[in-house]
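Colleague: Before we start, here is the structure in question, set down as structure tokens.
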Amino acid sequence: MTSSRLFPLATTLLIFILAYALCYAQFPNILSTRVIGNLLTDNAFLGIAAVGMTFVILSGGIDLSIGSVIAFTGVFLAVAMGDGGMPPLFAIPLLLVITTLFGAAMGAMIHYLAMPPFIVTLAGMFFARGVAFLISTASVPINVDLYDTLQGLYFRMPGGGRLSFIGMAMLAVFVVGIVIAHFTSFGRNVYAIGGNRQSAELMGVPIARTTILIYALSSFLAGLAGIAFSLYTSAGYSLAAVGVELDAIAAVVIGGTLLTGGFGYVAGTFLGILIMGLIQTYIVFDGTLSSWWTKIVIGLLLFSFIALQRGLVWLSSRRNDAAAAASA
Amino acid sequence: MIRSEPLLRAEGVTKRFLGVTALSNVDFELAAGEVHALLGENGAGKSTLIKILTGAYRRDGGRISLEGRPIDPSDVMDAQKLGIGTVYQEVNLLPNLTVAENLFLGREPKRFGLTDRREANRRSREILDQYGLHIDVTALLSTYSVAVRQIIAIARAVDLSGKVLILDEPTASLDAAEVTRLFAILDDLKARGLGIVFITHFFDQVYRIADRVTILRNGHKVATRPIAGLERIELVSLMLGRELKEQEEHRAEPVDVSQKPVVASFTGTGKSGRIAPFDLELRAGEVVGMAGLLGSGRTETAELIFGLAQPDSGTVTVDGKTARFSSPRDAISAGFGFCPEDRKQDGIVDDLSVRENIILALQARRGWAKPLSRKEQEAIADRYILALDIRTSDREKPIKFLSGGNQQKVVLARWLATDPRLLILDEPTRGIDVGAHAEIIRLIGELREGGMSLLVISSELEEIVAYATRVRVLADRRHTGELPAGRITADAIMRAIAAGQPDAAGDDDTAGNPARANQPIREGAA
């Protein structure tokens, strides 16, 4: 029923509210718009990448290349706009075309060579990281006017908090992601493939096109996330964003999306990002805790969510059996 | 109702797989407004024909035309666009989407370039109303029963295609009320001028719904007949490919086993939805043949006996003691063995060697804590390779490289190595060559003389006649009769099968049926 479909999302929301209440009880400042603004800014690049990851996981796949694509993006832009002297308004679209094609190529390999997404995107991860190193091994600063302008752009929230440009970009990506997931044929097809690939094919879902589009979208958004990351750090570094794909997967799963595909919401991923950001913020506020506690808490959350999902799957299969028995 | 120009016509359709002819020169006609049943045993070519009509397979020869125009569907989508929709036995819909999303997947109504959910829901309700289905179309498909999903799948296929509807065993998992509901829908669709191809192995359903029936056997078309005036006995003989002749003699000499010990006895054993309660007593030194059409409950009976499924009624007695098999392990330790029908899937382990395949059951029986030494394994393997004349270059050859007949012998050897007292064989000669066929039959005879109790399921009536000392006849998931030694002929078995079909009213062939009249369906309590 609709309720069980929404249950993981509701759980995530509940956890978020509880966590926020807990933090608020200890540090009332955490509810200020300044903190919220920072939370959105700090996690903007991760959030953008996680939207792409949501589509990938909804289709029953995985994309391990995200972090490497983000690093590649930073280095590419820094070098192209710096030593290369490329105008930003040319370099940025060019970069997005490159990353999108890269994703499309991975999607095509997954479909036509019938390879597991895990392997293909693992290869993509090494490849993109390697190319980033090839361009530059050093951390390259970015000094272009466009970046200064964009970094200076913000929306002043009541209470003095600043919603930065990249924070707004992330929110926009989430809105677009929700529309794509729930109000387009492509979105339906993603859920259909995640539900049962064979049935989807028999029902006429264009599997090849959809698979390629899913990974192209994920890499496009990773490129966008890379731009947000370079805006955030004002530099490009080939060692940056290591393991971001795993953070993105964690956000998606904590957001209530089933790792096996077919069930979940883009909006849930947003909550997942907020929960992860909140844990980080709490540790900063506390000041005495090691930042590795973030990882520990996220690990525990992941464990409990996977257990929750198993439980739900088990419950729904049991209910189906019961329904079948009742009608038999 | 049946017009002269057929809606769908297939002529001389041929399909080969790796040199094996699955379908040979088959003609098929479907008129608008008719329900055409397609009948045949396993491997007769029903599903191959269906897959060619729906574009899932490309044919190797022959012509197909729809409304007089030649067609050549390249894939399922293509066939759908042409007007041929299919509903498979395993309902191919998506349980993680809503009912409406399932109905409109791939053709979602749009507004301002975005999918219009409200419109889809409204139209879904309209569509399902035609089928008398008033359900919440915004709920996930997984919340509905198989029967409802079946109707949704039909609604989608009809809405999408609208000329030909192919139903591949749609009633396999439905109960009687659901079947009635489905048939009402089919009657309605028929009245709307659709041509419906209906695959089933339930005779009563063929008689209830079909206008004509086409029978396939071994990839050939046997006949197409109007169902009116077709007697059941004739239908059975068309399916089994045997003319009604009294000439075949019972070849296994009658044996008196009444003094032999009872190995196992089953009283009122049954499982609802699988097989009606039956009584069966298996004695040492006898071969009980189980005859019946596909889906009559033969394999289900064997699975209950072997503990693959648990009965929900009745008692099982082994050696005079009450037994309960919660898994095949229990059955194996009681001295039972079971060679399943689909040896490729359930019997052999492809990549393991002949030796490893042979010792599998014996090792399982001993438990993993007491491994057989390599020497013992080799001795056992060699013994059975010799005894059963398994043709293999050496015992370490992976079993997948052996011929079907030799694979079957390995599976047999596996169980013989456990020295079973009761051996169940499900279609032991399916898919093996003539020579191996004769050897398996000879072997069954030898095992019986050695005092083993055997229960053999087979669709080959001559084969049953050759080795069975009595024959259990099944129909419609019930044990409907038994032929004692001396009365076993292919003809008698066939008559018994036909007589056992439900709703035999109107058929006059039951009168001359000796099996039904004289034999109690259940054995007296022993």
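Just remember, in the structure tokens the first chain shown is A, the second B, etc., residues are 1-based per chain, and ligands are 1-based in the order shown.
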Kindly assemble as a Markdown table a list of the region 195-252 of chain A residues that lie within 10 Å of region 90-94 of chain A, each paired with its nearest atom pair and their distance in Å to one decimal, using only C-alpha atoms, sorted first by chain and then by ascending residue number.

Modeller:
| residue | atom | partner | partner_atom | distance |
| --- | --- | --- | --- | --- |
| A:Gly223 | CA | A:Ile92 | CA | 9.2 |
| A:Leu224 | CA | A:Ile92 | CA | 9.1 |
| A:Ile227 | CA | A:Ile92 | CA | 8.0 |

Colleague: Go ahead and write the selection's residues with N, CA and C atoms as a CSV table (one decimal), in the first residue's frame.

Modeller:
chain,number,residue,atom,x,y,z
A,223,GLY,N,29.7,15.9,-12.9
A,223,GLY,CA,30.4,17.1,-13.4
A,223,GLY,C,29.9,18.4,-12.7
A,224,LEU,N,28.6,18.5,-12.6
A,224,LEU,CA,28.0,19.6,-12.0
A,224,LEU,C,28.4,19.7,-10.5
A,227,ILE,N,31.8,21.1,-10.4
A,227,ILE,CA,31.9,22.5,-10.5
A,227,ILE,C,31.6,23.2,-9.2

Colleague: Please identify every residue of chain B that has at least one atom no more than 7 Å from any atom of chain A, counting only C-alpha atoms, and report them as an NGL selection string.

Modeller: :B and (76-77 or 92-94 or 96 or 106 or 108 or 114-115 or 139-140 or 143 or 145-146 or 175)

Colleague: Counting only C-alpha atoms, which of A:Ile62, A:Leu231, A:Val144, A:Ala172 gets nearest to Leu246 (chain A)?

Modeller: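 Looking at the shortest contact to Leu246 (chain A), the residue is A:Ile62.
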
Colleague: Find the distance between CA of Val56 (chain A) and CA of Met106 (chain A) and write it in Å to one decimal.

Modeller: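 Taking CA of Val56 (chain A) as the start and CA of Met106 (chain A) as the end point, the length is 12.0 Å.
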
Colleague: So how many Å separate CA of Ser453 (chain B) and CA of Lys370 (chain B), to one decimal?

Modeller: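 A separation of 27.9 Å between them.
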
Colleague: Which of these residues is nearest to Ile444 (chain B), using only C-alpha atoms: B:Gly337, B:Gly40, B:Gly285, B:Gly486?

Modeller: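 Of B:Gly337, B:Gly40, B:Gly285, B:Gly486, the one nearest Ile444 (chain B), counting only C-alpha atoms, is B:Gly285.
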
Colleague: Grab the CA of Arg478 (chain B) to CA of Ala498 (chain B) distance for me, in Å with one decimal place.

Modeller: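 If I compute the distance from CA of Arg478 (chain B) to CA of Ala498 (chain B), I get 13.0 Å.
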
Colleague: Name the residues in contact with region 332-335 of chain B at a cut-off of 9 Å, using only C-alpha atoms, excluding same-chain residues fewer than 5 positions from it; report them as a CSV table (one decimal) with N, CA, C and O atoms, in the first residue's frame.

Modeller:
chain,number,residue,atom,x,y,z
B,306,PHE,N,8.5,-37.6,-1.4
B,306,PHE,CA,9.9,-37.4,-1.1
B,306,PHE,C,10.2,-36.2,-0.2
B,306,PHE,O,11.4,-35.9,0.1
B,318,VAL,N,6.4,-45.6,7.3
B,318,VAL,CA,7.6,-46.2,6.7
B,318,VAL,C,8.0,-47.4,7.7
B,318,VAL,O,8.2,-47.1,8.8
B,323,ALA,N,6.0,-41.6,10.0
B,323,ALA,CA,7.1,-40.8,9.6
B,323,ALA,C,6.6,-39.4,9.2
B,323,ALA,O,5.5,-39.3,8.7
B,327,SER,N,11.9,-32.5,5.0
B,327,SER,CA,12.8,-32.2,3.9
B,327,SER,C,13.2,-33.4,3.2
B,327,SER,O,13.1,-34.5,3.8
B,361,ALA,N,24.6,-37.9,-3.5
B,361,ALA,CA,23.5,-38.3,-2.6
B,361,ALA,C,24.0,-39.1,-1.4
B,361,ALA,O,23.6,-39.0,-0.3
B,364,ALA,N,25.7,-36.9,1.0
B,364,ALA,CA,24.7,-36.1,1.7
B,364,ALA,C,24.1,-37.0,2.8
B,364,ALA,O,23.8,-36.5,3.9
B,365,ARG,N,23.9,-38.3,2.5
B,365,ARG,CA,23.2,-39.1,3.5
B,365,ARG,C,24.2,-39.4,4.6
B,365,ARG,O,23.7,-39.5,5.8
B,366,ARG,N,25.4,-39.6,4.3
B,366,ARG,CA,26.4,-39.8,5.4
B,366,ARG,C,26.6,-38.6,6.3
B,366,ARG,O,27.1,-38.7,7.4
B,418,THR,N,23.1,-45.0,-3.0
B,418,THR,CA,22.6,-44.9,-1.6
B,418,THR,C,21.8,-46.1,-1.2
B,418,THR,O,21.4,-46.2,-0.1
B,419,ASP,N,21.7,-47.1,-2.1
B,419,ASP,CA,21.0,-48.3,-1.9
B,419,ASP,C,19.6,-48.1,-1.4
B,419,ASP,O,19.3,-48.5,-0.3
B,420,PRO,N,18.8,-47.4,-2.2
B,420,PRO,CA,17.5,-47.0,-1.7
B,420,PRO,C,16.5,-48.2,-1.7
B,420,PRO,O,16.7,-49.2,-2.4
B,421,ARG,N,15.5,-48.1,-0.8
B,421,ARG,CA,14.5,-49.1,-0.8
B,421,ARG,C,13.3,-48.7,-1.7
B,421,ARG,O,12.6,-49.5,-2.2
B,422,LEU,N,13.2,-47.4,-1.8
B,422,LEU,CA,12.1,-46.8,-2.7
B,422,LEU,C,12.8,-45.8,-3.6
B,422,LEU,O,13.4,-44.9,-3.2
B,423,LEU,N,12.6,-46.0,-4.9
B,423,LEU,CA,13.2,-45.1,-5.9
B,423,LEU,C,12.1,-44.5,-6.7
B,423,LEU,O,11.3,-45.2,-7.3

Colleague: Any chance you could list, as a PyMOL selection string, the residues in region 154-376 of chain B that come up strand (DSSP E or B) when DSSP is run on the backbone?

Modeller: chain B and resi 164-168+195-199+212-217+220-226+262-271+275-283+287-291+313-318+321-323+336-339+353

Colleague: For Leu82 (chain B), work out the shell of residues within 10 Å, counting only C-alpha atoms and skipping chain neighbours fewer than 6 positions away, then give it as a VMD selection string.

Modeller: chain B and resid 54 66 71 to 73 76 160 to 164

Colleague: Using backbone DSSP assignments, extract all helix (DSSP H, G or I) residues from region 319-427 of chain B; output them as number ranges by chain.

Modeller: B: 328-333, 343-347, 354-366, 374-387, 399-401, 404-416

Colleague: Pull C-alpha atoms from the residues just selected and write them as a PDB file, in the first residue's frame.

Modeller:
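Saved result, selection09.pdb, follows:
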ATOM      1  CA  PRO B 328      14.240 -34.506   1.285  1.00  0.00           C
ATOM      2  CA  ARG B 329      17.028 -35.249   3.794  1.00  0.00           C
ATOM      3  CA  ASP B 330      14.536 -37.083   5.972  1.00  0.00           C
ATOM      4  CA  ALA B 331      13.273 -39.010   2.977  1.00  0.00           C
ATOM      5  CA  ILE B 332      16.812 -39.933   1.966  1.00  0.00           C
ATOM      6  CA  SER B 333      17.630 -41.209   5.419  1.00  0.00           C
ATOM      7  CA  ARG B 343      17.597 -33.382 -14.851  1.00  0.00           C
ATOM      8  CA  LYS B 344      19.320 -30.356 -16.371  1.00  0.00           C
ATOM      9  CA  GLN B 345      17.889 -28.115 -13.701  1.00  0.00           C
ATOM     10  CA  ASP B 346      17.312 -30.333 -10.712  1.00  0.00           C
ATOM     11  CA  GLY B 347      19.403 -33.400 -11.299  1.00  0.00           C
ATOM     12  CA  VAL B 354      30.804 -37.969 -13.237  1.00  0.00           C
ATOM     13  CA  ARG B 355      32.370 -39.293 -10.026  1.00  0.00           C
ATOM     14  CA  GLU B 356      31.316 -36.277  -7.987  1.00  0.00           C
ATOM     15  CA  ASN B 357      27.787 -36.433  -9.368  1.00  0.00           C
ATOM     16  CA  ILE B 358      27.492 -40.100  -8.502  1.00  0.00           C
ATOM     17  CA  ILE B 359      28.633 -39.822  -4.885  1.00  0.00           C
ATOM     18  CA  LEU B 360      26.574 -36.673  -4.175  1.00  0.00           C
ATOM     19  CA  ALA B 361      23.527 -38.291  -2.585  1.00  0.00           C
ATOM     20  CA  LEU B 362      25.518 -40.901  -0.720  1.00  0.00           C
ATOM     21  CA  GLN B 363      27.750 -38.237   0.753  1.00  0.00           C
ATOM     22  CA  ALA B 364      24.722 -36.135   1.688  1.00  0.00           C
ATOM     23  CA  ARG B 365      23.242 -39.140   3.451  1.00  0.00           C
ATOM     24  CA  ARG B 366      26.401 -39.814   5.411  1.00  0.00           C
ATOM     25  CA  ARG B 374      38.871 -40.552  -2.685  1.00  0.00           C
ATOM     26  CA  LYS B 375      39.473 -44.267  -3.098  1.00  0.00           C
ATOM     27  CA  GLU B 376      35.957 -45.154  -1.986  1.00  0.00           C
ATOM     28  CA  GLN B 377      34.533 -42.506  -4.294  1.00  0.00           C
ATOM     29  CA  GLU B 378      36.465 -43.881  -7.223  1.00  0.00           C
ATOM     30  CA  ALA B 379      35.427 -47.427  -6.463  1.00  0.00           C
ATOM     31  CA  ILE B 380      31.754 -46.465  -6.266  1.00  0.00           C
ATOM     32  CA  ALA B 381      31.916 -44.404  -9.438  1.00  0.00           C
ATOM     33  CA  ASP B 382      33.688 -47.161 -11.353  1.00  0.00           C
ATOM     34  CA  ARG B 383      31.227 -49.743 -10.157  1.00  0.00           C
ATOM     35  CA  TYR B 384      28.215 -47.824 -11.436  1.00  0.00           C
ATOM     36  CA  ILE B 385      29.883 -46.681 -14.634  1.00  0.00           C
ATOM     37  CA  LEU B 386      30.374 -50.371 -15.342  1.00  0.00           C
ATOM     38  CA  ALA B 387      27.033 -51.578 -14.040  1.00  0.00           C
ATOM     39  CA  ILE B 399      28.977 -34.407 -16.625  1.00  0.00           C
ATOM     40  CA  LYS B 400      27.849 -31.627 -18.959  1.00  0.00           C
ATOM     41  CA  PHE B 401      29.875 -33.272 -21.753  1.00  0.00           C
ATOM     42  CA  GLY B 404      21.341 -36.967 -22.140  1.00  0.00           C
ATOM     43  CA  GLY B 405      20.955 -40.705 -21.720  1.00  0.00           C
ATOM     44  CA  ASN B 406      24.258 -41.038 -19.950  1.00  0.00           C
ATOM     45  CA  GLN B 407      23.489 -38.064 -17.705  1.00  0.00           C
ATOM     46  CA  GLN B 408      20.268 -39.787 -16.768  1.00  0.00           C
ATOM     47  CA  LYS B 409      22.198 -42.933 -15.897  1.00  0.00           C
ATOM     48  CA  VAL B 410      24.530 -40.907 -13.691  1.00  0.00           C
ATOM     49  CA  VAL B 411      21.562 -39.466 -11.818  1.00  0.00           C
ATOM     50  CA  LEU B 412      20.230 -42.989 -11.464  1.00  0.00           C
ATOM     51  CA  ALA B 413      23.620 -44.195 -10.259  1.00  0.00           C
ATOM     52  CA  ARG B 414      23.670 -41.447  -7.669  1.00  0.00           C
ATOM     53  CA  TRP B 415      20.550 -42.840  -6.052  1.00  0.00           C
ATOM     54  CA  LEU B 416      21.490 -46.476  -6.526  1.00  0.00           C
TER      55      LEU B 416
END
